[in-house]
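Structure data (mmCIF, N, CA, C and O atoms) from structure12.cif:
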```cif
data_protein
loop_
_atom_site.label_atom_id
_atom_site.label_comp_id
_atom_site.auth_asym_id
_atom_site.auth_seq_id
_atom_site.Cartn_x
_atom_site.Cartn_y
_atom_site.Cartn_z
N MET A 1 -8.23 -19.07 8.25
CA MET A 1 -7.07 -18.50 8.92
C MET A 1 -6.86 -17.06 8.46
O MET A 1 -7.07 -16.72 7.31
N SER A 2 -6.39 -16.23 9.36
CA SER A 2 -6.17 -14.81 9.08
C SER A 2 -4.94 -14.62 8.20
O SER A 2 -3.99 -15.39 8.25
N GLN A 3 -4.96 -13.56 7.40
CA GLN A 3 -3.79 -13.24 6.59
C GLN A 3 -2.70 -12.57 7.43
O GLN A 3 -1.60 -12.38 6.97
N TRP A 4 -3.04 -12.23 8.67
CA TRP A 4 -2.11 -11.56 9.58
C TRP A 4 -1.51 -12.56 10.55
O TRP A 4 -2.19 -13.46 11.02
N SER A 5 -0.25 -12.40 10.87
CA SER A 5 0.38 -13.19 11.93
C SER A 5 0.88 -12.22 13.00
O SER A 5 1.09 -11.04 12.74
N SER A 6 1.07 -12.71 14.20
CA SER A 6 1.52 -11.86 15.30
C SER A 6 2.87 -11.24 14.98
O SER A 6 3.72 -11.87 14.34
N THR A 7 3.06 -10.02 15.42
CA THR A 7 4.33 -9.34 15.22
C THR A 7 4.53 -8.30 16.32
O THR A 7 3.60 -7.94 17.02
N ARG A 8 5.73 -7.82 16.46
CA ARG A 8 6.05 -6.84 17.49
C ARG A 8 5.55 -5.45 17.10
O ARG A 8 5.52 -5.07 15.93
N ALA A 9 5.19 -4.68 18.11
CA ALA A 9 4.67 -3.33 17.90
C ALA A 9 5.68 -2.44 17.19
O ALA A 9 5.31 -1.61 16.36
N ARG A 10 6.95 -2.60 17.50
CA ARG A 10 8.00 -1.78 16.88
C ARG A 10 7.98 -1.95 15.35
O ARG A 10 8.10 -0.99 14.61
N ARG A 11 7.77 -3.18 14.90
CA ARG A 11 7.74 -3.48 13.47
C ARG A 11 6.50 -2.87 12.80
O ARG A 11 6.57 -2.35 11.69
N VAL A 12 5.37 -2.92 13.49
CA VAL A 12 4.13 -2.34 12.96
C VAL A 12 4.27 -0.83 12.85
O VAL A 12 3.91 -0.24 11.82
N LEU A 13 4.79 -0.19 13.88
CA LEU A 13 4.98 1.26 13.85
C LEU A 13 5.92 1.66 12.72
O LEU A 13 5.65 2.61 11.98
N ALA A 14 7.00 0.93 12.53
CA ALA A 14 7.95 1.23 11.45
C ALA A 14 7.26 1.11 10.09
O ALA A 14 7.48 1.94 9.20
N ALA A 15 6.41 0.10 9.92
CA ALA A 15 5.69 -0.07 8.66
C ALA A 15 4.73 1.08 8.42
O ALA A 15 4.61 1.58 7.30
N LEU A 16 4.03 1.53 9.48
CA LEU A 16 3.11 2.65 9.34
C LEU A 16 3.85 3.92 8.93
O LEU A 16 3.38 4.68 8.08
N LEU A 17 5.01 4.14 9.50
CA LEU A 17 5.80 5.32 9.15
C LEU A 17 6.28 5.25 7.70
O LEU A 17 6.30 6.26 7.00
N ARG A 18 6.61 4.03 7.23
CA ARG A 18 7.05 3.85 5.84
C ARG A 18 5.93 4.14 4.84
O ARG A 18 6.20 4.62 3.74
N ILE A 19 4.68 3.83 5.20
CA ILE A 19 3.58 4.03 4.25
C ILE A 19 2.96 5.42 4.33
O ILE A 19 1.92 5.68 3.74
N GLY A 20 3.59 6.32 5.07
CA GLY A 20 3.16 7.71 5.05
C GLY A 20 2.59 8.28 6.33
O GLY A 20 2.25 9.46 6.38
N TRP A 21 2.46 7.48 7.37
CA TRP A 21 1.98 8.01 8.64
C TRP A 21 3.12 8.73 9.34
O TRP A 21 4.28 8.39 9.17
N SER A 22 2.80 9.73 10.14
CA SER A 22 3.82 10.43 10.92
C SER A 22 3.31 10.59 12.35
O SER A 22 2.10 10.60 12.59
N ILE A 23 4.24 10.71 13.28
CA ILE A 23 3.88 10.86 14.68
C ILE A 23 3.54 12.33 14.92
O ILE A 23 4.38 13.21 14.74
N LYS A 24 2.30 12.57 15.30
CA LYS A 24 1.81 13.92 15.55
C LYS A 24 2.16 14.36 16.96
O LYS A 24 2.59 15.48 17.19
N ARG A 25 1.96 13.45 17.93
CA ARG A 25 2.35 13.73 19.32
C ARG A 25 2.49 12.41 20.07
O ARG A 25 1.98 11.38 19.65
N GLU A 26 3.19 12.47 21.21
CA GLU A 26 3.43 11.30 22.05
C GLU A 26 3.13 11.62 23.50
O GLU A 26 3.38 12.72 23.96
N SER A 27 2.63 10.62 24.21
CA SER A 27 2.42 10.72 25.64
C SER A 27 2.64 9.33 26.21
O SER A 27 1.76 8.47 26.10
N GLY A 28 3.82 9.07 26.75
CA GLY A 28 4.15 7.74 27.23
C GLY A 28 4.24 6.78 26.06
O GLY A 28 4.92 7.05 25.09
N SER A 29 3.52 5.65 26.15
CA SER A 29 3.54 4.69 25.06
C SER A 29 2.48 4.99 24.00
O SER A 29 2.40 4.33 22.98
N HIS A 30 1.66 6.02 24.23
CA HIS A 30 0.61 6.39 23.28
C HIS A 30 1.16 7.38 22.25
O HIS A 30 1.69 8.42 22.62
N LYS A 31 1.01 7.02 20.98
CA LYS A 31 1.44 7.89 19.90
C LYS A 31 0.24 8.20 19.03
O LYS A 31 -0.50 7.31 18.66
N THR A 32 0.03 9.47 18.73
CA THR A 32 -1.03 9.86 17.81
C THR A 32 -0.39 9.99 16.44
O THR A 32 0.54 10.77 16.24
N LEU A 33 -0.87 9.18 15.50
CA LEU A 33 -0.34 9.17 14.15
C LEU A 33 -1.29 9.91 13.23
O LEU A 33 -2.51 9.82 13.38
N SER A 34 -0.74 10.63 12.26
CA SER A 34 -1.58 11.34 11.30
C SER A 34 -1.07 11.09 9.89
O SER A 34 0.12 10.80 9.68
N ARG A 35 -1.99 11.21 8.95
CA ARG A 35 -1.68 11.05 7.53
C ARG A 35 -2.75 11.83 6.76
O ARG A 35 -3.93 11.72 7.06
N PRO A 36 -2.33 12.62 5.78
CA PRO A 36 -3.31 13.38 5.00
C PRO A 36 -4.38 12.47 4.39
O PRO A 36 -4.07 11.41 3.84
N GLY A 37 -5.63 12.87 4.52
CA GLY A 37 -6.73 12.10 3.96
C GLY A 37 -7.27 11.01 4.87
O GLY A 37 -8.22 10.31 4.51
N TRP A 38 -6.68 10.81 6.03
CA TRP A 38 -7.10 9.78 6.98
C TRP A 38 -7.37 10.43 8.33
O TRP A 38 -6.80 11.46 8.66
N SER A 39 -8.20 9.80 9.13
CA SER A 39 -8.42 10.24 10.51
C SER A 39 -7.19 9.88 11.34
O SER A 39 -6.52 8.88 11.06
N ASP A 40 -6.90 10.69 12.36
CA ASP A 40 -5.79 10.38 13.26
C ASP A 40 -6.03 9.04 13.94
O ASP A 40 -7.17 8.65 14.20
N VAL A 41 -4.93 8.32 14.24
CA VAL A 41 -4.99 7.01 14.87
C VAL A 41 -4.12 7.03 16.12
O VAL A 41 -3.01 7.57 16.09
N ILE A 42 -4.63 6.46 17.20
CA ILE A 42 -3.84 6.33 18.43
C ILE A 42 -3.16 4.96 18.40
O ILE A 42 -3.81 3.93 18.27
N PHE A 43 -1.83 4.94 18.49
CA PHE A 43 -1.05 3.71 18.53
C PHE A 43 -0.55 3.57 19.97
O PHE A 43 0.30 4.34 20.40
N ALA A 44 -1.13 2.65 20.73
CA ALA A 44 -0.88 2.58 22.17
C ALA A 44 -0.20 1.28 22.58
O ALA A 44 -0.71 0.51 23.38
N PHE A 45 0.97 1.01 22.01
CA PHE A 45 1.68 -0.22 22.31
C PHE A 45 3.13 0.09 22.68
O PHE A 45 3.73 1.02 22.16
N HIS A 46 3.70 -0.72 23.56
CA HIS A 46 5.12 -0.63 23.87
C HIS A 46 5.89 -1.33 22.76
O HIS A 46 5.37 -2.26 22.13
N ASP A 47 7.14 -0.92 22.51
CA ASP A 47 7.93 -1.44 21.39
C ASP A 47 8.01 -2.96 21.32
O ASP A 47 7.90 -3.54 20.26
N LYS A 48 8.21 -3.62 22.46
CA LYS A 48 8.42 -5.06 22.45
C LYS A 48 7.14 -5.87 22.59
O LYS A 48 7.16 -7.09 22.59
N GLU A 49 6.01 -5.19 22.69
CA GLU A 49 4.73 -5.86 22.85
C GLU A 49 4.35 -6.60 21.57
O GLU A 49 4.59 -6.12 20.46
N GLU A 50 3.80 -7.79 21.73
CA GLU A 50 3.36 -8.61 20.60
C GLU A 50 1.92 -8.22 20.25
O GLU A 50 1.06 -8.17 21.11
N ILE A 51 1.67 -7.94 18.97
CA ILE A 51 0.33 -7.60 18.51
C ILE A 51 -0.21 -8.79 17.73
O ILE A 51 0.43 -9.27 16.78
N GLY A 52 -1.38 -9.28 18.12
CA GLY A 52 -1.98 -10.46 17.51
C GLY A 52 -2.70 -10.16 16.21
O GLY A 52 -2.91 -9.00 15.84
N PRO A 53 -3.14 -11.21 15.52
CA PRO A 53 -3.80 -11.06 14.22
C PRO A 53 -5.07 -10.22 14.24
O PRO A 53 -5.29 -9.41 13.33
N LYS A 54 -5.91 -10.36 15.26
CA LYS A 54 -7.15 -9.59 15.32
C LYS A 54 -6.87 -8.10 15.47
O LYS A 54 -7.50 -7.27 14.81
N MET A 55 -5.93 -7.75 16.33
CA MET A 55 -5.60 -6.34 16.52
C MET A 55 -4.92 -5.78 15.27
O MET A 55 -5.18 -4.64 14.88
N LEU A 56 -4.08 -6.57 14.61
CA LEU A 56 -3.46 -6.11 13.37
C LEU A 56 -4.51 -5.84 12.30
O LEU A 56 -4.40 -4.86 11.55
N ALA A 57 -5.54 -6.67 12.23
CA ALA A 57 -6.61 -6.46 11.26
C ALA A 57 -7.35 -5.15 11.55
O ALA A 57 -7.70 -4.41 10.63
N ARG A 58 -7.56 -4.86 12.82
CA ARG A 58 -8.21 -3.59 13.20
C ARG A 58 -7.34 -2.39 12.83
O ARG A 58 -7.83 -1.38 12.32
N ILE A 59 -6.05 -2.50 13.11
CA ILE A 59 -5.11 -1.43 12.78
C ILE A 59 -5.11 -1.22 11.26
O ILE A 59 -5.16 -0.10 10.77
N ALA A 60 -5.09 -2.31 10.52
CA ALA A 60 -5.06 -2.24 9.05
C ALA A 60 -6.30 -1.55 8.51
O ALA A 60 -6.22 -0.74 7.57
N LYS A 61 -7.46 -1.84 9.09
CA LYS A 61 -8.70 -1.24 8.64
C LYS A 61 -8.67 0.28 8.79
O LYS A 61 -9.17 1.01 7.94
N ASN A 62 -8.04 0.75 9.85
CA ASN A 62 -7.99 2.20 10.13
C ASN A 62 -6.81 2.93 9.50
O ASN A 62 -6.79 4.16 9.49
N THR A 63 -5.82 2.18 9.00
CA THR A 63 -4.60 2.83 8.51
C THR A 63 -4.23 2.49 7.07
O THR A 63 -3.35 3.14 6.50
N GLY A 64 -4.84 1.47 6.50
CA GLY A 64 -4.46 1.06 5.14
C GLY A 64 -3.25 0.14 5.11
O GLY A 64 -2.69 -0.14 4.04
N LEU A 65 -2.82 -0.35 6.25
CA LEU A 65 -1.66 -1.25 6.34
C LEU A 65 -2.02 -2.59 5.70
O LEU A 65 -3.15 -3.07 5.83
N THR A 66 -1.08 -3.19 4.99
CA THR A 66 -1.27 -4.52 4.39
C THR A 66 -0.18 -5.46 4.93
O THR A 66 0.87 -4.99 5.38
N PRO A 67 -0.41 -6.77 4.87
CA PRO A 67 0.62 -7.71 5.34
C PRO A 67 1.96 -7.54 4.60
O PRO A 67 3.02 -7.75 5.18
N GLU A 68 1.90 -7.11 3.34
CA GLU A 68 3.13 -6.90 2.57
C GLU A 68 3.94 -5.72 3.10
O GLU A 68 5.15 -5.66 2.89
N ASP A 69 3.28 -4.78 3.78
CA ASP A 69 3.99 -3.62 4.34
C ASP A 69 4.91 -4.00 5.49
O ASP A 69 5.86 -3.28 5.80
N LEU A 70 4.57 -5.10 6.17
CA LEU A 70 5.37 -5.53 7.30
C LEU A 70 6.63 -6.21 6.77
O LEU A 70 7.62 -6.29 7.29
#
```
Before we go any further, please render this structure as structure tokens.
Amino acid sequence: MSQWSSTRARRVLAALLRIGWSIKRESGSHKTLSRPGWSDVIFAFHDKEEIGPKMLARIAKNTGLTPEDL
């Protein structure tokens, strides 16, 4: 079983902002996030959208997010 459980996009974005990511630019529901020392990441979810465990694992790999951050 995955260490990740489904959660809302709004919660994931808030966690990313808490761990040091910032919104570089926005276009509709697409947000480009940046953090020193990391490649920019495109966050393309609506606030109320549910993000599943597999997608959360991919986001975590690219951003350093951990389940404890949520």
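Rounded to one decimal, atom N of Leu70 (chain A) and atom N of Gln3 (chain A) lie 12.8 Å from each other.
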Find the residue from A:Leu33, A:Ile23, A:Ile51, A:Ile59 that sits nearest to Arg10 (chain A); use only N, CA, C and O atoms when measuring. A:Ile51
Can you list every residue in chain A that DSSP puts in helix (DSSP H, G or I), as a PyMOL selection string? chain A and resi 9-18+53-63+67-69
Backbone DSSP call of strand (DSSP E) for chain A, listed as a list in words: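 These are the residues in question: Thr7, Arg8, Ser22, Ile23, Lys24, Arg25, Glu26, Ser27, His30, Lys31, Thr32, Leu33, Ser34, Val41, Ile42, Phe43, Ala44, Glu50 and Ile51 of chain A.
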The selected residues should be written to file as a CSV table (one decimal), in the coordinates of the input (atoms: N, CA, C and O atoms).
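Dumped to part37.csv:
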```csv
chain,number,residue,atom,x,y,z
A,7,THR,N,3.1,-10.0,15.4
A,7,THR,CA,4.3,-9.3,15.2
A,7,THR,C,4.5,-8.3,16.3
A,7,THR,O,3.6,-7.9,17.0
A,8,ARG,N,5.7,-7.8,16.5
A,8,ARG,CA,6.0,-6.8,17.5
A,8,ARG,C,5.6,-5.4,17.1
A,8,ARG,O,5.5,-5.1,15.9
A,22,SER,N,2.8,9.7,10.1
A,22,SER,CA,3.8,10.4,10.9
A,22,SER,C,3.3,10.6,12.4
A,22,SER,O,2.1,10.6,12.6
A,23,ILE,N,4.2,10.7,13.3
A,23,ILE,CA,3.9,10.9,14.7
A,23,ILE,C,3.5,12.3,14.9
A,23,ILE,O,4.4,13.2,14.7
A,24,LYS,N,2.3,12.6,15.3
A,24,LYS,CA,1.8,13.9,15.6
A,24,LYS,C,2.2,14.4,17.0
A,24,LYS,O,2.6,15.5,17.2
A,25,ARG,N,2.0,13.4,17.9
A,25,ARG,CA,2.4,13.7,19.3
A,25,ARG,C,2.5,12.4,20.1
A,25,ARG,O,2.0,11.4,19.6
A,26,GLU,N,3.2,12.5,21.2
A,26,GLU,CA,3.4,11.3,22.0
A,26,GLU,C,3.1,11.6,23.5
A,26,GLU,O,3.4,12.7,24.0
A,27,SER,N,2.6,10.6,24.2
A,27,SER,CA,2.4,10.7,25.6
A,27,SER,C,2.6,9.3,26.2
A,27,SER,O,1.8,8.5,26.1
A,30,HIS,N,1.7,6.0,24.2
A,30,HIS,CA,0.6,6.4,23.3
A,30,HIS,C,1.2,7.4,22.2
A,30,HIS,O,1.7,8.4,22.6
A,31,LYS,N,1.0,7.0,21.0
A,31,LYS,CA,1.4,7.9,19.9
A,31,LYS,C,0.2,8.2,19.0
A,31,LYS,O,-0.5,7.3,18.7
A,32,THR,N,0.0,9.5,18.7
A,32,THR,CA,-1.0,9.9,17.8
A,32,THR,C,-0.4,10.0,16.4
A,32,THR,O,0.5,10.8,16.2
A,33,LEU,N,-0.9,9.2,15.5
A,33,LEU,CA,-0.3,9.2,14.2
A,33,LEU,C,-1.3,9.9,13.2
A,33,LEU,O,-2.5,9.8,13.4
A,34,SER,N,-0.7,10.6,12.3
A,34,SER,CA,-1.6,11.3,11.3
A,34,SER,C,-1.1,11.1,9.9
A,34,SER,O,0.1,10.8,9.7
A,41,VAL,N,-4.9,8.3,14.2
A,41,VAL,CA,-5.0,7.0,14.9
A,41,VAL,C,-4.1,7.0,16.1
A,41,VAL,O,-3.0,7.6,16.1
A,42,ILE,N,-4.6,6.5,17.2
A,42,ILE,CA,-3.8,6.3,18.4
A,42,ILE,C,-3.2,5.0,18.4
A,42,ILE,O,-3.8,3.9,18.3
A,43,PHE,N,-1.8,4.9,18.5
A,43,PHE,CA,-1.0,3.7,18.5
A,43,PHE,C,-0.6,3.6,20.0
A,43,PHE,O,0.3,4.3,20.4
A,44,ALA,N,-1.1,2.6,20.7
A,44,ALA,CA,-0.9,2.6,22.2
A,44,ALA,C,-0.2,1.3,22.6
A,44,ALA,O,-0.7,0.5,23.4
A,50,GLU,N,3.8,-7.8,21.7
A,50,GLU,CA,3.4,-8.6,20.6
A,50,GLU,C,1.9,-8.2,20.2
A,50,GLU,O,1.1,-8.2,21.1
A,51,ILE,N,1.7,-7.9,19.0
A,51,ILE,CA,0.3,-7.6,18.5
A,51,ILE,C,-0.2,-8.8,17.7
A,51,ILE,O,0.4,-9.3,16.8
```
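Remark: for Lys61 (chain A), the closest of the candidate residues A:Val41, A:Ile19, A:Glu49, A:Thr32 is A:Val41 (distances computed over only C-alpha atoms).
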One number please: CA of Asp47 (chain A) to CA of Gly28 (chain A), in Å, one decimal.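 That distance, rounded to one decimal, is 11.5 Å.
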Selection: 12 Å around Ser27 (chain A), only C-alpha atoms, excl. self and same-chain fewer than 2 positions, as a short mmCIF file (atom, residue, chain, number, x, y, z; two decimals) with N, CA, C and O atoms, in the coordinates of the input:
```cif
data_model
loop_
_atom_site.label_atom_id
_atom_site.label_comp_id
_atom_site.auth_asym_id
_atom_site.auth_seq_id
_atom_site.Cartn_x
_atom_site.Cartn_y
_atom_site.Cartn_z
N ILE A 23 4.24 10.71 13.28
CA ILE A 23 3.88 10.86 14.68
C ILE A 23 3.54 12.33 14.92
O ILE A 23 4.38 13.21 14.74
N LYS A 24 2.30 12.57 15.30
CA LYS A 24 1.81 13.92 15.55
C LYS A 24 2.16 14.36 16.96
O LYS A 24 2.59 15.48 17.19
N ARG A 25 1.96 13.45 17.93
CA ARG A 25 2.35 13.73 19.32
C ARG A 25 2.49 12.41 20.07
O ARG A 25 1.98 11.38 19.65
N SER A 29 3.52 5.65 26.15
CA SER A 29 3.54 4.69 25.06
C SER A 29 2.48 4.99 24.00
O SER A 29 2.40 4.33 22.98
N HIS A 30 1.66 6.02 24.23
CA HIS A 30 0.61 6.39 23.28
C HIS A 30 1.16 7.38 22.25
O HIS A 30 1.69 8.42 22.62
N LYS A 31 1.01 7.02 20.98
CA LYS A 31 1.44 7.89 19.90
C LYS A 31 0.24 8.20 19.03
O LYS A 31 -0.50 7.31 18.66
N THR A 32 0.03 9.47 18.73
CA THR A 32 -1.03 9.86 17.81
C THR A 32 -0.39 9.99 16.44
O THR A 32 0.54 10.77 16.24
N LEU A 33 -0.87 9.18 15.50
CA LEU A 33 -0.34 9.17 14.15
C LEU A 33 -1.29 9.91 13.23
O LEU A 33 -2.51 9.82 13.38
N ILE A 42 -4.63 6.46 17.20
CA ILE A 42 -3.84 6.33 18.43
C ILE A 42 -3.16 4.96 18.40
O ILE A 42 -3.81 3.93 18.27
N PHE A 43 -1.83 4.94 18.49
CA PHE A 43 -1.05 3.71 18.53
C PHE A 43 -0.55 3.57 19.97
O PHE A 43 0.30 4.34 20.40
N ALA A 44 -1.13 2.65 20.73
CA ALA A 44 -0.88 2.58 22.17
C ALA A 44 -0.20 1.28 22.58
O ALA A 44 -0.71 0.51 23.38
N PHE A 45 0.97 1.01 22.01
CA PHE A 45 1.68 -0.22 22.31
C PHE A 45 3.13 0.09 22.68
O PHE A 45 3.73 1.02 22.16
N HIS A 46 3.70 -0.72 23.56
CA HIS A 46 5.12 -0.63 23.87
C HIS A 46 5.89 -1.33 22.76
O HIS A 46 5.37 -2.26 22.13
#
```
Show me the residues around (-1.7, 11.5, 4.8) - criterion: an atom at most 7 Å away, only N, CA, C and O atoms counted - as a PyMOL selection string. chain A and resi 19-21+34-38
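As for CA of Ala57 (chain A) and CA of Glu26 (chain A), they are spaced 23.1 Å apart.
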Using all atoms listed in the file, which protein or nucleic acid residues come within 8 Å of Ser6 (chain A)? Drop anything in the same chain fewer than 2 positions from it, and give the result as a short mmCIF file (atom, residue, chain, number, x, y, z; two decimals) with N, CA, C and O atoms, keeping the file's coordinate frame.
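Final file, around-v4.cif:
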```cif
data_model
loop_
_atom_site.label_atom_id
_atom_site.label_comp_id
_atom_site.auth_asym_id
_atom_site.auth_seq_id
_atom_site.Cartn_x
_atom_site.Cartn_y
_atom_site.Cartn_z
N GLN A 3 -4.96 -13.56 7.40
CA GLN A 3 -3.79 -13.24 6.59
C GLN A 3 -2.70 -12.57 7.43
O GLN A 3 -1.60 -12.38 6.97
N TRP A 4 -3.04 -12.23 8.67
CA TRP A 4 -2.11 -11.56 9.58
C TRP A 4 -1.51 -12.56 10.55
O TRP A 4 -2.19 -13.46 11.02
N ARG A 8 5.73 -7.82 16.46
CA ARG A 8 6.05 -6.84 17.49
C ARG A 8 5.55 -5.45 17.10
O ARG A 8 5.52 -5.07 15.93
N ALA A 9 5.19 -4.68 18.11
CA ALA A 9 4.67 -3.33 17.90
C ALA A 9 5.68 -2.44 17.19
O ALA A 9 5.31 -1.61 16.36
N GLU A 49 6.01 -5.19 22.69
CA GLU A 49 4.73 -5.86 22.85
C GLU A 49 4.35 -6.60 21.57
O GLU A 49 4.59 -6.12 20.46
N GLU A 50 3.80 -7.79 21.73
CA GLU A 50 3.36 -8.61 20.60
C GLU A 50 1.92 -8.22 20.25
O GLU A 50 1.06 -8.17 21.11
N ILE A 51 1.67 -7.94 18.97
CA ILE A 51 0.33 -7.60 18.51
C ILE A 51 -0.21 -8.79 17.73
O ILE A 51 0.43 -9.27 16.78
N GLY A 52 -1.38 -9.28 18.12
CA GLY A 52 -1.98 -10.46 17.51
C GLY A 52 -2.70 -10.16 16.21
O GLY A 52 -2.91 -9.00 15.84
N PRO A 53 -3.14 -11.21 15.52
CA PRO A 53 -3.80 -11.06 14.22
C PRO A 53 -5.07 -10.22 14.24
O PRO A 53 -5.29 -9.41 13.33
N LYS A 54 -5.91 -10.36 15.26
CA LYS A 54 -7.15 -9.59 15.32
C LYS A 54 -6.87 -8.10 15.47
O LYS A 54 -7.50 -7.27 14.81
N LEU A 56 -4.08 -6.57 14.61
CA LEU A 56 -3.46 -6.11 13.37
C LEU A 56 -4.51 -5.84 12.30
O LEU A 56 -4.40 -4.86 11.55
#
```
Considering only C-alpha atoms, state which residue in the set A:Glu68, A:Ser39, A:Asn62, A:Lys48 is at the smallest distance from Thr7 (chain A).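 Selected residue with least distance to Thr7 (chain A): A:Lys48.
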